[in-house]
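Below: one structure, written as structure tokens.
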Amino acid sequence: MLYALTHRTTYGYGSDVSVSHHLAHLRPRELPRQQVSDYRVTVEPTPTAASEHVDYYGNGVSFFTIGTPHERLVVTARSRIRVEAQLLPNAAQTMVWEQVRARCAKDVLTPDSAVGEFRFDSPHITRQPAFADYAAPSFPKDRPLLEGVIDLTARIFRDFKFDPRATTVATPLDDVLKKRRGVCQDFAHLAIAGLRSLGLPARYVSGYLETQPPPGKARLVGADASHAWLSVWCPGHGWIDADPTNNLLPADRHITVAWGRDFSDVSPVRGVVVGGRGHSLGVSVDVARVAEP
């Protein structure tokens, strides 16, 4: 599937910002099943300094500084991406989860132990008995790993209500578990917390999902949104994505931008400002299919 993607972030400030510094994770990743043929980012007002680099996890990162007074900041990223569905193994034939846990905890460097860093706590995700207890019914003794992941994904989808007003970026994951409400970021964090609390490596994925309008309705430009899901390590097959918000294993409608331990590693746009006296934030995302040439 070929997509044209536009992501626009707009900040409005209550008074002049004299100087600001920002980091942006907006460049879609190059993957065996995802190729980026075009990417460009524009910033208004024009930055006084800008650079690109690759972070610890291999994500493309834009850095820019604005050194002139401004009451508004607009960051627009445009991309063209070709996405293919991930190749999935037979869930029943994947390694049993206890063996995966043991292989990823070894103190000898192997492809499995190398991903063991994703078993530990991160800024937004702390391993706790409550998260292990929630995930445990999906992982009885000797169950194949991917069967357990699919079951956990389905349970979060059934047990939790999507509610954009229920949480913020700062809402503790304990509260999400208690209230049974949240958004895609919360559901990805919860699944990762459950897996890590059982000793399994899992990472946070930031990207986009092509949405489809209701039957008979026109597609609205800019009505899409950033999305989040997770990946779990499956020996012999690598990282496998799972989307608890939609109860599915992503195929060719998910566009991967960045991954890390949790949201704090891959926030689309963040920064520090001097002045401003508060701000408003607007985000517009458009994911449009492009006819094949």
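Scheme for the structure tokens: letters A, B, ... for chains in order shown; per-chain residue numbers from 1; ligand numbers from 1 in order shown.
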
Please tabulate, as JSON lines, the residues of segment 3-58 of chain A that come within 12 Å of segment 280-288 of chain A, each with its closest pair of atoms and the distance in Å to one decimal, counting only C-alpha atoms and ordering rows by chain, then residue number upward.
```
{"residue": "A:Tyr3", "atom": "CA", "partner": "A:Ala288", "partner_atom": "CA", "distance": 5.4}
{"residue": "A:Ala4", "atom": "CA", "partner": "A:Ala288", "partner_atom": "CA", "distance": 5.3}
{"residue": "A:Leu5", "atom": "CA", "partner": "A:Val287", "partner_atom": "CA", "distance": 4.7}
{"residue": "A:Thr6", "atom": "CA", "partner": "A:Asp286", "partner_atom": "CA", "distance": 5.2}
{"residue": "A:His7", "atom": "CA", "partner": "A:Val285", "partner_atom": "CA", "distance": 4.5}
{"residue": "A:Arg8", "atom": "CA", "partner": "A:Ser284", "partner_atom": "CA", "distance": 5.2}
{"residue": "A:Thr9", "atom": "CA", "partner": "A:Val283", "partner_atom": "CA", "distance": 4.6}
{"residue": "A:Thr10", "atom": "CA", "partner": "A:Gly282", "partner_atom": "CA", "distance": 5.0}
{"residue": "A:Tyr11", "atom": "CA", "partner": "A:Leu281", "partner_atom": "CA", "distance": 4.8}
{"residue": "A:Gly12", "atom": "CA", "partner": "A:Ser280", "partner_atom": "CA", "distance": 5.0}
{"residue": "A:Tyr13", "atom": "CA", "partner": "A:Ser280", "partner_atom": "CA", "distance": 6.5}
{"residue": "A:Gly14", "atom": "CA", "partner": "A:Ser280", "partner_atom": "CA", "distance": 8.3}
{"residue": "A:Ser15", "atom": "CA", "partner": "A:Ser280", "partner_atom": "CA", "distance": 11.5}
{"residue": "A:Leu26", "atom": "CA", "partner": "A:Val285", "partner_atom": "CA", "distance": 11.5}
```

Ala85 of chain A proximity check over A:Thr48, A:Gln34, A:Thr153, A:Thr167, using only C-alpha atoms: winner is A:Gln34

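The coordinates place atom CA of Asp121 of chain A at 15.7 Å from atom CA of Arg101 of chain A.
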
From a backbone DSSP assignment, name each residue in segment 95-189 of chain A labelled alpha helix (DSSP H), as a count of residues only.
47

Pairwise distance for atom CA of Trp259 of chain A and atom CA of Glu117 of chain A, rounded to one decimal in Å:
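About the pair atom CA of Trp259 of chain A and atom CA of Glu117 of chain A: they are 13.4 Å apart.
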